[in-house]
>>> print(open('work21.txt').read())   # compact mmCIF, C-alpha atoms
# COMPACT_ATOMS: atom_id res chain seq x y z
CA MET A 1 0.00 0.00 0.00
CA ALA A 2 1.41 3.38 -1.01
CA SER A 3 2.14 5.83 1.79
CA LYS A 4 0.41 9.20 2.01
CA LEU A 5 3.65 10.91 0.99
CA THR A 6 3.98 8.68 -2.06
CA GLU A 7 0.39 9.35 -3.07
CA ILE A 8 0.68 13.14 -2.71
CA LEU A 9 3.92 13.35 -4.67
CA ALA A 10 2.53 11.07 -7.39
CA ALA A 11 -0.61 13.23 -7.63
CA ALA A 12 1.48 16.38 -8.04
CA LYS A 13 3.54 14.68 -10.75
CA ALA A 14 0.32 13.65 -12.54
CA GLU A 15 -0.65 17.34 -12.55
CA ASN A 16 2.75 18.13 -14.14
CA ARG A 17 3.90 20.18 -11.19
CA ALA A 18 6.13 19.95 -8.16
CA ALA A 19 4.69 19.47 -4.68
CA LEU A 20 4.98 22.34 -2.20
CA VAL A 21 6.41 21.42 1.19
CA GLY A 22 6.21 23.96 4.03
CA TYR A 23 8.06 23.94 7.35
CA LEU A 24 7.34 25.58 10.70
CA PRO A 25 8.53 24.61 14.17
CA ALA A 26 5.98 23.45 16.73
CA GLY A 27 5.38 25.85 19.60
CA PHE A 28 6.13 28.93 17.50
CA PRO A 29 5.05 31.51 18.44
CA THR A 30 3.01 29.45 20.96
CA VAL A 31 1.75 25.87 20.81
CA ASP A 32 -1.78 26.92 19.82
CA GLY A 33 -0.47 29.67 17.54
CA GLY A 34 1.89 27.19 15.93
CA ILE A 35 -0.96 24.81 15.17
CA ARG A 36 -2.86 27.65 13.50
CA ALA A 37 0.26 28.62 11.54
CA VAL A 38 0.85 25.08 10.21
CA ASN A 39 -2.82 24.91 9.24
CA ALA A 40 -2.33 28.20 7.38
CA LEU A 41 0.48 26.61 5.32
CA ILE A 42 -1.96 24.01 4.01
CA GLU A 43 -4.79 26.52 3.59
CA GLY A 44 -2.44 28.58 1.43
CA GLY A 45 -1.49 25.66 -0.81
CA CYS A 46 1.15 23.40 0.77
CA ASP A 47 0.71 19.73 -0.08
CA ILE A 48 3.03 18.50 2.67
CA VAL A 49 4.02 20.15 5.94
CA GLU A 50 7.02 19.58 8.17
CA VAL A 51 6.47 20.24 11.86
CA GLY A 52 9.83 21.01 13.40
CA LEU A 53 10.77 19.64 16.80
CA PRO A 54 12.60 22.62 18.34
CA HIS A 55 16.16 21.90 19.38
CA SER A 56 18.62 23.85 21.50
CA ASP A 57 21.49 23.18 19.09
CA PRO A 58 19.99 23.01 15.58
CA VAL A 59 23.14 22.43 13.52
CA LEU A 60 21.41 22.53 10.13
CA ASP A 61 19.31 25.61 10.83
CA GLY A 62 20.23 29.22 10.21
CA ALA A 63 19.47 32.29 12.33
CA THR A 64 15.80 32.59 11.37
CA ILE A 65 14.78 29.08 12.43
CA GLN A 66 17.11 29.23 15.44
CA THR A 67 15.18 32.32 16.59
CA ALA A 68 11.86 30.51 16.20
CA ASP A 69 13.19 27.43 18.01
CA ASP A 70 14.40 29.63 20.87
CA ILE A 71 10.96 31.25 21.17
CA ALA A 72 9.32 27.81 21.23
CA LEU A 73 11.76 26.39 23.78
CA ARG A 74 11.42 29.41 26.06
CA GLY A 75 7.67 28.88 25.80
CA GLY A 76 8.16 25.39 27.21
CA VAL A 77 7.39 23.30 24.13
CA ARG A 78 7.70 19.54 24.62
CA ILE A 79 7.49 16.48 22.39
CA LYS A 80 3.87 16.03 23.48
CA ASP A 81 3.17 19.48 22.02
CA VAL A 82 4.82 18.48 18.74
CA LEU A 83 2.65 15.36 18.59
CA ARG A 84 -0.44 17.42 19.43
CA THR A 85 0.43 19.79 16.59
CA VAL A 86 0.69 16.85 14.20
CA GLN A 87 -2.59 15.40 15.46
CA GLU A 88 -4.60 18.60 15.13
CA VAL A 89 -3.21 19.48 11.71
CA ALA A 90 -3.63 15.95 10.35
CA ALA A 91 -7.22 15.84 11.62
CA ALA A 92 -8.04 19.22 10.07
CA HIS A 93 -6.40 18.43 6.71
CA PRO A 94 -6.64 14.70 5.95
CA ALA A 95 -5.55 15.23 2.32
CA ALA A 96 -2.18 16.65 3.36
CA ALA A 97 0.83 14.77 4.71
CA VAL A 98 2.22 15.90 8.07
CA LEU A 99 5.85 15.08 8.82
CA VAL A 100 8.05 15.77 11.83
CA MET A 101 11.50 17.19 11.16
CA THR A 102 13.77 16.45 14.07
CA TYR A 103 17.32 15.83 15.12
CA TRP A 104 17.90 12.32 16.38
CA ASN A 105 18.71 12.96 20.05
CA PRO A 106 15.15 13.88 21.18
CA VAL A 107 13.73 10.78 19.47
CA ASP A 108 16.39 8.58 21.04
CA ARG A 109 15.65 9.96 24.49
CA TYR A 110 11.88 9.66 24.05
CA GLY A 111 12.27 6.06 22.88
CA THR A 112 12.46 4.91 19.27
CA ALA A 113 9.50 2.52 19.33
CA ARG A 114 7.43 4.88 21.48
CA PHE A 115 8.02 7.86 19.20
CA ALA A 116 7.10 5.88 16.08
CA ALA A 117 3.93 4.56 17.70
CA ASP A 118 2.89 7.95 19.06
CA LEU A 119 3.60 9.78 15.81
CA ALA A 120 1.58 7.25 13.82
CA ALA A 121 -1.26 7.46 16.33
CA ALA A 122 -1.27 11.23 15.89
CA GLY A 123 -1.72 10.84 12.13
CA GLY A 124 1.85 11.63 11.14
CA ALA A 125 3.12 10.44 7.78
CA GLY A 126 6.81 10.18 8.64
CA VAL A 127 9.95 11.93 9.79
CA ILE A 128 12.89 13.82 8.34
CA LEU A 129 16.08 13.02 10.24
CA PRO A 130 18.91 15.28 9.03
CA ASP A 131 21.58 14.04 11.45
CA LEU A 132 20.88 10.31 11.77
CA PRO A 133 23.53 8.36 9.82
CA VAL A 134 21.94 5.68 7.66
CA GLU A 135 24.39 3.15 9.14
CA GLU A 136 22.78 3.68 12.55
CA SER A 137 19.19 4.01 11.34
CA GLY A 138 18.13 0.35 11.29
CA PRO A 139 16.23 0.30 14.61
CA TRP A 140 14.39 3.51 13.76
CA ARG A 141 13.50 2.38 10.24
CA ALA A 142 12.16 -0.91 11.57
CA ALA A 143 9.96 0.91 14.09
CA ALA A 144 8.82 3.40 11.45
CA ALA A 145 7.97 0.68 8.95
CA GLU A 146 5.96 -1.18 11.59
CA HIS A 147 3.74 1.89 11.93
CA GLY A 148 3.59 2.86 8.26
CA LEU A 149 5.84 5.91 8.63
CA ASP A 150 8.23 7.13 5.94
CA THR A 151 11.83 8.01 6.81
CA VAL A 152 13.28 10.87 4.79
CA PHE A 153 17.04 11.37 4.71
CA VAL A 154 18.97 14.45 3.62
CA VAL A 155 21.62 14.53 0.90
CA ALA A 156 23.93 17.46 0.16
CA PRO A 157 25.99 18.69 -2.80
CA SER A 158 29.06 17.26 -1.05
CA SER A 159 27.55 13.74 -1.08
CA ARG A 160 29.49 11.52 -3.47
CA ASP A 161 27.58 9.16 -5.75
CA PRO A 162 28.24 5.97 -3.74
CA ARG A 163 27.05 7.76 -0.61
CA LEU A 164 23.93 8.99 -2.40
CA ALA A 165 23.12 5.39 -3.30
CA GLU A 166 23.51 4.29 0.34
CA VAL A 167 21.27 7.09 1.63
CA THR A 168 18.54 6.71 -0.97
CA ALA A 169 18.42 2.93 -0.50
CA ALA A 170 17.65 3.45 3.19
CA GLY A 171 15.04 6.18 2.82
CA SER A 172 11.39 6.24 1.85
CA GLY A 173 8.77 8.82 0.88
CA PHE A 174 11.19 11.20 -0.79
CA VAL A 175 14.81 12.32 -0.65
CA TYR A 176 15.50 15.76 0.84
CA ALA A 177 18.16 17.42 -1.32
CA ALA A 178 19.86 20.35 0.36
CA ALA A 179 20.29 22.93 -2.40
CA VAL A 180 23.35 24.56 -0.87
CA MET A 181 26.19 23.80 1.44
CA GLY A 182 25.47 25.44 4.77
CA VAL A 183 22.51 26.15 7.01
CA THR A 184 18.89 26.99 6.28
CA GLY A 185 17.79 30.49 5.33
CA SER A 186 16.31 32.47 2.49
CA ARG A 187 18.76 33.33 -0.27
CA ALA A 188 18.79 35.68 -3.21
CA GLN A 189 19.66 32.77 -5.49
CA VAL A 190 19.01 29.08 -5.19
CA GLY A 191 22.28 27.19 -5.33
CA GLU A 192 23.49 26.12 -8.75
CA LEU A 193 24.52 22.85 -7.18
CA ALA A 194 20.90 21.84 -6.61
CA GLU A 195 20.07 20.75 -10.15
CA ASP A 196 23.20 18.62 -10.39
CA LEU A 197 22.47 17.07 -6.99
CA VAL A 198 18.92 16.19 -8.05
CA ALA A 199 20.19 14.54 -11.24
CA ARG A 200 22.81 12.55 -9.35
CA THR A 201 20.29 11.52 -6.70
CA ARG A 202 17.74 10.41 -9.28
CA ALA A 203 20.38 8.18 -10.85
CA THR A 204 20.36 6.13 -7.63
CA THR A 205 16.65 5.89 -6.80
CA GLU A 206 13.04 5.94 -7.97
CA LEU A 207 12.10 8.06 -4.95
CA PRO A 208 10.95 11.64 -5.62
CA VAL A 209 13.57 14.28 -4.87
CA CYS A 210 12.51 17.46 -3.06
CA VAL A 211 14.80 20.47 -2.79
CA GLY A 212 15.11 22.71 0.24
CA LEU A 213 17.33 25.39 1.79
CA GLY A 214 17.04 28.83 0.29
CA VAL A 215 13.72 29.04 -1.55
CA SER A 216 11.66 32.09 -0.56
CA THR A 217 9.92 33.45 -3.68
CA ALA A 218 7.51 32.19 -6.34
CA ALA A 219 10.21 32.70 -9.00
CA GLN A 220 12.66 30.53 -7.07
CA ALA A 221 9.94 27.94 -6.50
CA ALA A 222 9.25 27.84 -10.24
CA GLU A 223 12.98 27.49 -10.96
CA VAL A 224 13.39 24.56 -8.57
CA ALA A 225 10.11 22.98 -9.73
CA GLY A 226 11.68 22.80 -13.18
CA PHE A 227 14.03 20.04 -12.04
CA ALA A 228 12.72 18.72 -8.69
CA ASP A 229 9.67 16.76 -7.56
CA GLY A 230 9.04 19.02 -4.61
CA VAL A 231 10.01 22.46 -3.32
CA ILE A 232 10.66 22.85 0.42
CA VAL A 233 10.29 26.24 2.11
CA GLY A 234 10.89 26.95 5.78
CA SER A 235 12.77 30.10 6.76
CA ALA A 236 10.63 32.35 4.57
CA PHE A 237 7.49 31.22 6.43
CA VAL A 238 9.15 31.65 9.81
CA GLN A 239 10.27 35.13 8.81
CA ARG A 240 6.70 36.16 7.94
CA ILE A 241 5.61 35.30 11.48
CA LEU A 242 8.60 37.08 13.02
CA ASP A 243 7.87 40.16 10.90
CA ALA A 244 4.29 40.24 12.21
CA ASP A 245 5.83 41.08 15.61
CA GLY A 246 3.21 39.41 17.76
CA ASP A 247 0.18 40.21 15.59
CA GLU A 248 -1.04 36.65 15.13
CA GLU A 249 -3.69 37.38 12.50
CA ALA A 250 -1.21 39.38 10.42
CA GLY A 251 1.30 36.54 10.68
CA LEU A 252 -1.23 33.92 9.63
CA ALA A 253 -2.37 36.05 6.70
CA ALA A 254 1.24 36.54 5.59
CA VAL A 255 1.98 32.81 5.81
CA ARG A 256 -1.18 31.97 3.85
CA ALA A 257 -0.34 34.54 1.19
CA LEU A 258 3.24 33.31 0.77
CA ALA A 259 2.05 29.70 0.51
CA ALA A 260 -0.41 30.71 -2.20
CA ASP A 261 2.32 32.58 -4.06
CA LEU A 262 4.70 29.62 -3.86
CA ALA A 263 1.91 27.19 -4.83
CA ALA A 264 1.44 29.22 -8.01
CA GLY A 265 5.21 29.12 -8.55
CA VAL A 266 5.50 25.32 -8.41
CA ARG A 267 2.80 25.14 -11.12
CA LYS A 268 4.91 27.19 -13.56
CA ARG A 269 7.62 24.58 -14.11
>>> encode(input="work21.txt", output="structure tokens")
Amino acid sequence: MASKLTEILAAAKAENRAALVGYLPAGFPTVDGGIRAVNALIEGGCDIVEVGLPHSDPVLDGATIQTADDIALRGGVRIKDVLRTVQEVAAAHPAAAVLVMTYWNPVDRYGTARFAADLAAAGGAGVILPDLPVEESGPWRAAAAEHGLDTVFVVAPSSRDPRLAEVTAAGSGFVYAAAVMGVTGSRAQVGELAEDLVARTRATTELPVCVGLGVSTAAQAAEVAGFADGVIVGSAFVQRILDADGDEEAGLAAVRALAADLAAGVRKR
């Protein structure tokens, strides 16, 4: 049976477009406000959403997401709040796929089998694990598979072809291709390395390849949609909420509007 992620990405491909994947951390700006913000991503046009599990040392994330994580952590966000976010969003939008993006340490501490079971019970479709080496991922992947969860791994322009093959063989759902070397954040230009990385990744797998890190405008989304199966946007959404400076309705409206703009962009491939 095809997973929800597989079905959504296949449906986008059938429409001759890329899927739009949006990211926001749970608990930002508050737990309830974060749930409304993730819902706004889908209302604006995201096909898939990533709910971030805030971390005190987010090595892959740039200043914008670090700021959001800090706000969430100071607000007391816990894994139960992340799972509640997934549950409420998944219940409100059954046609969308809700993923958790997390570093490995919180999952390990929570308990591998317990996290997989609780995420599946909440209606989650899978996880993105940017810092879990595939060589050490066997126990997690077994638990995830038992509960019908996809495991998405990240590849980077520095990944050599044999390494790409190892990573893509272990993953499911899609492959997250980091468009640039470095941390997350909006950029004036999407890295030139992204298209080459997508081509090299596709040579190793039938999985869809989604590109993230740097996309913030409809024009960039259209550019990436020209060679990728999905376009991932995070920091630009976070920035819209930060710019609203505590005005929740303004922040939600800005997130919705950006999602709609990007959704139009991924349809111009």
>>> closest_residue(input="work21.txt", among="A:Ala156, A:Val86, A:Ala18, A:Leu53", to="Asn105 (chain A)", atoms="only C-alpha atoms")
A:Leu53
>>> residues_near_point(input="work21.txt", point="(13.1, 7.5, -4.6)", cutoff="10 Å", atoms="all atoms listed in the file", output="list in words")
Thr6, Val152, Thr168, Ala169, Ala170, Gly171, Ser172, Gly173, Phe174, Val175, Thr201, Arg202, Ala203, Thr204, Thr205, Glu206, Leu207, Pro208 and Val209 of chain A
>>> residues_around(input="work21.txt", residues="region 9-15 of chain A", least_positions_apart="4", cutoff="12 Å", atoms="only C-alpha atoms", output="PyMOL selection string")
chain A and resi 2-5+19-21+46-48+95-97+173-175+206-210+225-231+263+266-269
>>> residues_around(input="work21.txt", residues="His147 (chain A)", least_positions_apart="2", cutoff="9 Å", atoms="all atoms listed in the file", output="tab-separated table (two decimals) with C-alpha atoms, in the coordinates of the input")
chain	number	residue	atom	x	y	z
A	116	ALA	CA	7.10	5.88	16.08
A	117	ALA	CA	3.93	4.56	17.70
A	119	LEU	CA	3.60	9.78	15.81
A	120	ALA	CA	1.58	7.25	13.82
A	121	ALA	CA	-1.26	7.46	16.33
A	142	ALA	CA	12.16	-0.91	11.57
A	143	ALA	CA	9.96	0.91	14.09
A	144	ALA	CA	8.82	3.40	11.45
A	145	ALA	CA	7.97	0.68	8.95
A	149	LEU	CA	5.84	5.91	8.63
>>> residues_near_point(input="work21.txt", point="(13.3, 9.6, 11.1)", cutoff="12 Å", atoms="all atoms listed in the file", output="ChimeraX atom specification")
/A:53,99-108,112-113,115-116,119,124-134,136-145,149-154,170-173
>>> atom_distance(input="work21.txt", atom1="CA of Leu213 (chain A)", atom2="CA of Asp247 (chain A)")
26.5 Å
>>> residues_around(input="work21.txt", residues="Pro94 (chain A)", least_positions_apart="4", cutoff="10 Å", atoms="only C-alpha atoms", output="PyMOL selection string")
chain A and resi 4+89-90+98+123
>>> residues_around(input="work21.txt", residues="Ala253 (chain A)", least_positions_apart="5", cutoff="12 Å", atoms="all atoms listed in the file", output="ChimeraX atom specification")
/A:36-41,43-44,237,240-241,243-244,247-248,258-260
>>> atom_distance(input="work21.txt", atom1="CA of Arg109 (chain A)", atom2="CA of Asp69 (chain A)")
18.8 Å
>>> atom_distance(input="work21.txt", atom1="CA of Val211 (chain A)", atom2="CA of Tyr23 (chain A)")
12.7 Å
>>> closest_residue(input="work21.txt", among="A:Val238, A:Leu262, A:Ala194, A:Ile8", to="Phe28 (chain A)", atoms="all atoms listed in the file")
A:Val238
>>> residues_around(input="work21.txt", residues="Ser235 (chain A)", least_positions_apart="2", cutoff="12 Å", atoms="all atoms listed in the file", output="compact mmCIF listing (two decimals) with C-alpha atoms, in the coordinates of the input")
# COMPACT_ATOMS: atom_id res chain seq x y z
CA GLY A 22 6.21 23.96 4.03
CA TYR A 23 8.06 23.94 7.35
CA LEU A 24 7.34 25.58 10.70
CA PRO A 25 8.53 24.61 14.17
CA GLY A 52 9.83 21.01 13.40
CA LEU A 60 21.41 22.53 10.13
CA ASP A 61 19.31 25.61 10.83
CA GLY A 62 20.23 29.22 10.21
CA ALA A 63 19.47 32.29 12.33
CA THR A 64 15.80 32.59 11.37
CA ILE A 65 14.78 29.08 12.43
CA GLN A 66 17.11 29.23 15.44
CA THR A 67 15.18 32.32 16.59
CA ALA A 68 11.86 30.51 16.20
CA ASP A 69 13.19 27.43 18.01
CA VAL A 183 22.51 26.15 7.01
CA THR A 184 18.89 26.99 6.28
CA GLY A 185 17.79 30.49 5.33
CA SER A 186 16.31 32.47 2.49
CA ARG A 187 18.76 33.33 -0.27
CA GLY A 212 15.11 22.71 0.24
CA LEU A 213 17.33 25.39 1.79
CA GLY A 214 17.04 28.83 0.29
CA VAL A 215 13.72 29.04 -1.55
CA SER A 216 11.66 32.09 -0.56
CA THR A 217 9.92 33.45 -3.68
CA ILE A 232 10.66 22.85 0.42
CA VAL A 233 10.29 26.24 2.11
CA PHE A 237 7.49 31.22 6.43
CA VAL A 238 9.15 31.65 9.81
CA GLN A 239 10.27 35.13 8.81
CA ARG A 240 6.70 36.16 7.94
CA ILE A 241 5.61 35.30 11.48
CA LEU A 242 8.60 37.08 13.02
CA ASP A 243 7.87 40.16 10.90
CA VAL A 255 1.98 32.81 5.81
CA LEU A 258 3.24 33.31 0.77
>>> axis_aligned_box(input="work21.txt", around="region 95-105 of chain A", padding_each_side="5 Å", output="AutoDock Vina command-line options")
--center_x 6.6 --center_y 14.8 --center_z 11.2 --size_x 34.3 --size_y 14.9 --size_z 27.7
>>> closest_residue(input="work21.txt", among="A:Ala219, A:Ile42, A:Leu164, A:Val224", to="Arg200 (chain A)", atoms="all atoms listed in the file")
A:Leu164
>>> closest_residue(input="work21.txt", among="A:Ala92, A:Ala236, A:Val198, A:Leu83", to="Gly251 (chain A)", atoms="all atoms listed in the file")
A:Ala236
>>> build_atoms(input="work21.txt", residues="region 240-251 of chain A", atoms="all heavy atoms", output="PDB file, in the coordinates of the input")
ATOM      1  N   ARG A 240       7.977  35.440   8.027  1.00  0.00           N
ATOM      2  CA  ARG A 240       6.700  36.160   7.940  1.00  0.00           C
ATOM      3  C   ARG A 240       6.066  36.293   9.324  1.00  0.00           C
ATOM      4  O   ARG A 240       5.481  37.333   9.661  1.00  0.00           O
ATOM      5  CB  ARG A 240       5.721  35.440   7.006  1.00  0.00           C
ATOM      6  CG  ARG A 240       6.129  35.412   5.539  1.00  0.00           C
ATOM      7  CD  ARG A 240       6.256  36.811   4.954  1.00  0.00           C
ATOM      8  NE  ARG A 240       6.367  36.801   3.506  1.00  0.00           N
ATOM      9  CZ  ARG A 240       7.475  36.565   2.809  1.00  0.00           C
ATOM     10  NH1 ARG A 240       8.594  36.270   3.457  1.00  0.00           N
ATOM     11  NH2 ARG A 240       7.477  36.599   1.493  1.00  0.00           N
ATOM     12  N   ILE A 241       6.180  35.241  10.137  1.00  0.00           N
ATOM     13  CA  ILE A 241       5.610  35.300  11.480  1.00  0.00           C
ATOM     14  C   ILE A 241       6.430  36.231  12.376  1.00  0.00           C
ATOM     15  O   ILE A 241       5.875  37.028  13.147  1.00  0.00           O
ATOM     16  CB  ILE A 241       5.504  33.887  12.083  1.00  0.00           C
ATOM     17  CG1 ILE A 241       4.509  33.055  11.256  1.00  0.00           C
ATOM     18  CG2 ILE A 241       5.069  33.937  13.546  1.00  0.00           C
ATOM     19  CD1 ILE A 241       4.421  31.599  11.654  1.00  0.00           C
ATOM     20  N   LEU A 242       7.748  36.163  12.250  1.00  0.00           N
ATOM     21  CA  LEU A 242       8.600  37.080  13.020  1.00  0.00           C
ATOM     22  C   LEU A 242       8.307  38.540  12.645  1.00  0.00           C
ATOM     23  O   LEU A 242       8.231  39.411  13.515  1.00  0.00           O
ATOM     24  CB  LEU A 242      10.074  36.756  12.775  1.00  0.00           C
ATOM     25  CG  LEU A 242      10.598  35.425  13.340  1.00  0.00           C
ATOM     26  CD1 LEU A 242      12.019  35.177  12.845  1.00  0.00           C
ATOM     27  CD2 LEU A 242      10.541  35.413  14.861  1.00  0.00           C
ATOM     28  N   ASP A 243       8.125  38.787  11.365  1.00  0.00           N
ATOM     29  CA  ASP A 243       7.870  40.160  10.900  1.00  0.00           C
ATOM     30  C   ASP A 243       6.539  40.704  11.418  1.00  0.00           C
ATOM     31  O   ASP A 243       6.358  41.919  11.522  1.00  0.00           O
ATOM     32  CB  ASP A 243       7.867  40.219   9.363  1.00  0.00           C
ATOM     33  CG  ASP A 243       9.258  40.049   8.763  1.00  0.00           C
ATOM     34  OD1 ASP A 243      10.246  40.153   9.524  1.00  0.00           O
ATOM     35  OD2 ASP A 243       9.356  39.791   7.550  1.00  0.00           O
ATOM     36  N   ALA A 244       5.596  39.796  11.710  1.00  0.00           N
ATOM     37  CA  ALA A 244       4.290  40.240  12.210  1.00  0.00           C
ATOM     38  C   ALA A 244       4.389  40.773  13.636  1.00  0.00           C
ATOM     39  O   ALA A 244       3.459  41.433  14.117  1.00  0.00           O
ATOM     40  CB  ALA A 244       3.290  39.097  12.146  1.00  0.00           C
ATOM     41  N   ASP A 245       5.516  40.480  14.311  1.00  0.00           N
ATOM     42  CA  ASP A 245       5.830  41.080  15.610  1.00  0.00           C
ATOM     43  C   ASP A 245       4.698  40.924  16.620  1.00  0.00           C
ATOM     44  O   ASP A 245       4.258  41.897  17.257  1.00  0.00           O
ATOM     45  CB  ASP A 245       6.169  42.565  15.410  1.00  0.00           C
ATOM     46  CG  ASP A 245       6.950  43.141  16.586  1.00  0.00           C
ATOM     47  OD1 ASP A 245       7.589  42.355  17.305  1.00  0.00           O
ATOM     48  OD2 ASP A 245       6.899  44.366  16.798  1.00  0.00           O
ATOM     49  N   GLY A 246       4.211  39.690  16.736  1.00  0.00           N
ATOM     50  CA  GLY A 246       3.210  39.410  17.760  1.00  0.00           C
ATOM     51  C   GLY A 246       1.771  39.560  17.310  1.00  0.00           C
ATOM     52  O   GLY A 246       0.850  39.193  18.051  1.00  0.00           O
ATOM     53  N   ASP A 247       1.545  40.093  16.122  1.00  0.00           N
ATOM     54  CA  ASP A 247       0.180  40.210  15.590  1.00  0.00           C
ATOM     55  C   ASP A 247      -0.159  38.887  14.896  1.00  0.00           C
ATOM     56  O   ASP A 247       0.201  38.670  13.736  1.00  0.00           O
ATOM     57  CB  ASP A 247       0.094  41.377  14.602  1.00  0.00           C
ATOM     58  CG  ASP A 247      -1.319  41.615  14.076  1.00  0.00           C
ATOM     59  OD1 ASP A 247      -2.122  40.665  14.069  1.00  0.00           O
ATOM     60  OD2 ASP A 247      -1.612  42.756  13.654  1.00  0.00           O
ATOM     61  N   GLU A 248      -0.844  38.010  15.632  1.00  0.00           N
ATOM     62  CA  GLU A 248      -1.040  36.650  15.130  1.00  0.00           C
ATOM     63  C   GLU A 248      -1.816  36.637  13.815  1.00  0.00           C
ATOM     64  O   GLU A 248      -1.448  35.909  12.877  1.00  0.00           O
ATOM     65  CB  GLU A 248      -1.765  35.781  16.151  1.00  0.00           C
ATOM     66  CG  GLU A 248      -1.933  34.351  15.646  1.00  0.00           C
ATOM     67  CD  GLU A 248      -2.590  33.428  16.649  1.00  0.00           C
ATOM     68  OE1 GLU A 248      -2.412  33.651  17.866  1.00  0.00           O
ATOM     69  OE2 GLU A 248      -3.261  32.483  16.220  1.00  0.00           O
ATOM     70  N   GLU A 249      -2.884  37.411  13.727  1.00  0.00           N
ATOM     71  CA  GLU A 249      -3.690  37.380  12.500  1.00  0.00           C
ATOM     72  C   GLU A 249      -2.888  37.866  11.304  1.00  0.00           C
ATOM     73  O   GLU A 249      -3.006  37.314  10.208  1.00  0.00           O
ATOM     74  CB  GLU A 249      -4.967  38.223  12.679  1.00  0.00           C
ATOM     75  CG  GLU A 249      -5.989  37.581  13.592  1.00  0.00           C
ATOM     76  CD  GLU A 249      -6.310  36.141  13.197  1.00  0.00           C
ATOM     77  OE1 GLU A 249      -6.519  35.865  11.989  1.00  0.00           O
ATOM     78  OE2 GLU A 249      -6.340  35.271  14.093  1.00  0.00           O
ATOM     79  N   ALA A 250      -2.058  38.890  11.511  1.00  0.00           N
ATOM     80  CA  ALA A 250      -1.210  39.380  10.420  1.00  0.00           C
ATOM     81  C   ALA A 250      -0.204  38.307  10.002  1.00  0.00           C
ATOM     82  O   ALA A 250       0.067  38.108   8.810  1.00  0.00           O
ATOM     83  CB  ALA A 250      -0.483  40.658  10.842  1.00  0.00           C
ATOM     84  N   GLY A 251       0.348  37.602  10.979  1.00  0.00           N
ATOM     85  CA  GLY A 251       1.300  36.540  10.680  1.00  0.00           C
ATOM     86  C   GLY A 251       0.662  35.403   9.897  1.00  0.00           C
ATOM     87  O   GLY A 251       1.229  34.907   8.920  1.00  0.00           O
TER      88      GLY A 251
END
